[in-house]
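**Q** Questions regarding the structure given below will be posed in turn.
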Amino acid sequence: MIEISDKAKSMISEMILENGIESLFLRVGIDDGGCSGLSYNIKLDDSLTEHDRSMQNEGFKVVWDQRTEEYLEGMKIDYLHQGMTGGFTIDNPNAKATCGCGASFRTANFKGTRKKCD
């Protein structure tokens, strides 16, 4: 479903460990909005809902809302160091258009509501 690189797994595990809450997992989702219409919403969370699906990774669980599954299928999350900074990157085969910041996209079937990025 969602592929996470070894470097991203390491960073996510480290973030969970730093928070000191064993029940934390990585929640991956999308929200309406962003300059291309849909925005990625990736965060640490500890609350499950009746609509959630999950997969176990090495050391942590990845959770997503089943209603967004078609937009996340085949998504790859990586972590890249660039100069003195670093950050997570997303490669989503369902995205037919993305914005310059990489945090917003649209698909062939759903464009979302375009809004100015923060």
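Numbering starts fresh at 1 for the residues of each chain in the structure tokens, the chains themselves are lettered A, B, ... in the order given, and ligands are numbered from 1 as they appear.
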When you look at A:Gln56 with a cut-off of 12 Å (counting only C-alpha atoms), what residues show up, excluding the ones that are within fewer than 3 positions of it in the same chain? I need them as a list in words.

**A**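 Near A:Gln56, the qualifying residues are Met1, Ile2, Glu3, Ile4, Lys9, Phe25, Leu26, Arg53, Gly59, Phe60, Lys61, Val62, Val63 and Trp64 of chain A.
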
**Q** A:Ile90: which residues within 9 Å, counting only C-alpha atoms, same-chain residues fewer than 2 positions away excluded, as number ranges by chain?

**A** A: 40, 75-79, 88, 92, 102-103

**Q** Select from chain A everything DSSP, run on the backbone, classes as alpha helix (DSSP H), then give the selection as a PyMOL selection string.

**A** chain A and resi 6-19+69-72

**Q** Write a file of the selected residues as an mmCIF file, in the first residue's frame, keeping N, CA, C and O atoms.

**A**
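File produced: selection-v1.cif:
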```
data_model
loop_
_atom_site.group_PDB
_atom_site.id
_atom_site.type_symbol
_atom_site.label_atom_id
_atom_site.label_comp_id
_atom_site.auth_asym_id
_atom_site.auth_seq_id
_atom_site.Cartn_x
_atom_site.Cartn_y
_atom_site.Cartn_z
ATOM 1 N N ASP A 6 14.095 3.095 3.997
ATOM 2 C CA ASP A 6 14.795 2.816 5.252
ATOM 3 C C ASP A 6 15.159 4.101 5.986
ATOM 4 O O ASP A 6 15.042 4.181 7.212
ATOM 5 N N LYS A 7 15.589 5.115 5.241
ATOM 6 C CA LYS A 7 15.964 6.384 5.874
ATOM 7 C C LYS A 7 14.739 7.046 6.509
ATOM 8 O O LYS A 7 14.805 7.559 7.624
ATOM 9 N N ALA A 8 13.596 7.020 5.815
ATOM 10 C CA ALA A 8 12.372 7.601 6.374
ATOM 11 C C ALA A 8 11.908 6.796 7.587
ATOM 12 O O ALA A 8 11.475 7.377 8.584
ATOM 13 N N LYS A 9 11.998 5.458 7.528
ATOM 14 C CA LYS A 9 11.627 4.622 8.675
ATOM 15 C C LYS A 9 12.457 4.993 9.894
ATOM 16 O O LYS A 9 11.949 5.094 11.004
ATOM 17 N N SER A 10 13.743 5.189 9.667
ATOM 18 C CA SER A 10 14.642 5.549 10.762
ATOM 19 C C SER A 10 14.247 6.890 11.377
ATOM 20 O O SER A 10 14.201 7.031 12.603
ATOM 21 N N MET A 11 13.937 7.878 10.539
ATOM 22 C CA MET A 11 13.557 9.198 11.043
ATOM 23 C C MET A 11 12.217 9.134 11.790
ATOM 24 O O MET A 11 12.061 9.758 12.837
ATOM 25 N N ILE A 12 11.260 8.380 11.261
ATOM 26 C CA ILE A 12 9.948 8.262 11.907
ATOM 27 C C ILE A 12 10.090 7.565 13.256
ATOM 28 O O ILE A 12 9.530 8.009 14.263
ATOM 29 N N SER A 13 10.862 6.478 13.296
ATOM 30 C CA SER A 13 11.094 5.768 14.556
ATOM 31 C C SER A 13 11.742 6.678 15.581
ATOM 32 O O SER A 13 11.384 6.665 16.764
ATOM 33 N N GLU A 14 12.689 7.495 15.143
ATOM 34 C CA GLU A 14 13.372 8.432 16.032
ATOM 35 C C GLU A 14 12.390 9.474 16.574
ATOM 36 O O GLU A 14 12.417 9.808 17.766
ATOM 37 N N MET A 15 11.508 9.980 15.723
ATOM 38 C CA MET A 15 10.517 10.969 16.150
ATOM 39 C C MET A 15 9.561 10.369 17.185
ATOM 40 O O MET A 15 9.220 11.027 18.174
ATOM 41 N N ILE A 16 9.146 9.128 16.969
ATOM 42 C CA ILE A 16 8.258 8.457 17.924
ATOM 43 C C ILE A 16 8.969 8.269 19.260
ATOM 44 O O ILE A 16 8.414 8.536 20.323
ATOM 45 N N LEU A 17 10.213 7.831 19.202
ATOM 46 C CA LEU A 17 11.007 7.623 20.407
ATOM 47 C C LEU A 17 11.188 8.935 21.179
ATOM 48 O O LEU A 17 11.056 8.969 22.404
ATOM 49 N N GLU A 18 11.465 10.028 20.468
ATOM 50 C CA GLU A 18 11.657 11.332 21.108
ATOM 51 C C GLU A 18 10.391 11.806 21.824
ATOM 52 O O GLU A 18 10.463 12.523 22.810
ATOM 53 N N ASN A 19 9.219 11.436 21.302
ATOM 54 C CA ASN A 19 7.955 11.820 21.932
ATOM 55 C C ASN A 19 7.674 11.027 23.190
ATOM 56 O O ASN A 19 6.878 11.438 24.023
ATOM 57 N N GLU A 69 -7.862 5.790 0.596
ATOM 58 C CA GLU A 69 -6.968 4.725 0.143
ATOM 59 C C GLU A 69 -6.627 4.812 -1.348
ATOM 60 O O GLU A 69 -5.474 4.641 -1.736
ATOM 61 N N GLU A 70 -7.613 5.103 -2.189
ATOM 62 C CA GLU A 70 -7.350 5.143 -3.632
ATOM 63 C C GLU A 70 -6.350 6.240 -4.008
ATOM 64 O O GLU A 70 -5.659 6.133 -5.004
ATOM 65 N N TYR A 71 -6.246 7.299 -3.207
ATOM 66 C CA TYR A 71 -5.315 8.387 -3.486
ATOM 67 C C TYR A 71 -3.915 8.120 -2.939
ATOM 68 O O TYR A 71 -2.959 8.791 -3.306
ATOM 69 N N LEU A 72 -3.810 7.140 -2.036
ATOM 70 C CA LEU A 72 -2.535 6.838 -1.375
ATOM 71 C C LEU A 72 -1.883 5.550 -1.893
ATOM 72 O O LEU A 72 -0.710 5.303 -1.620
#
```
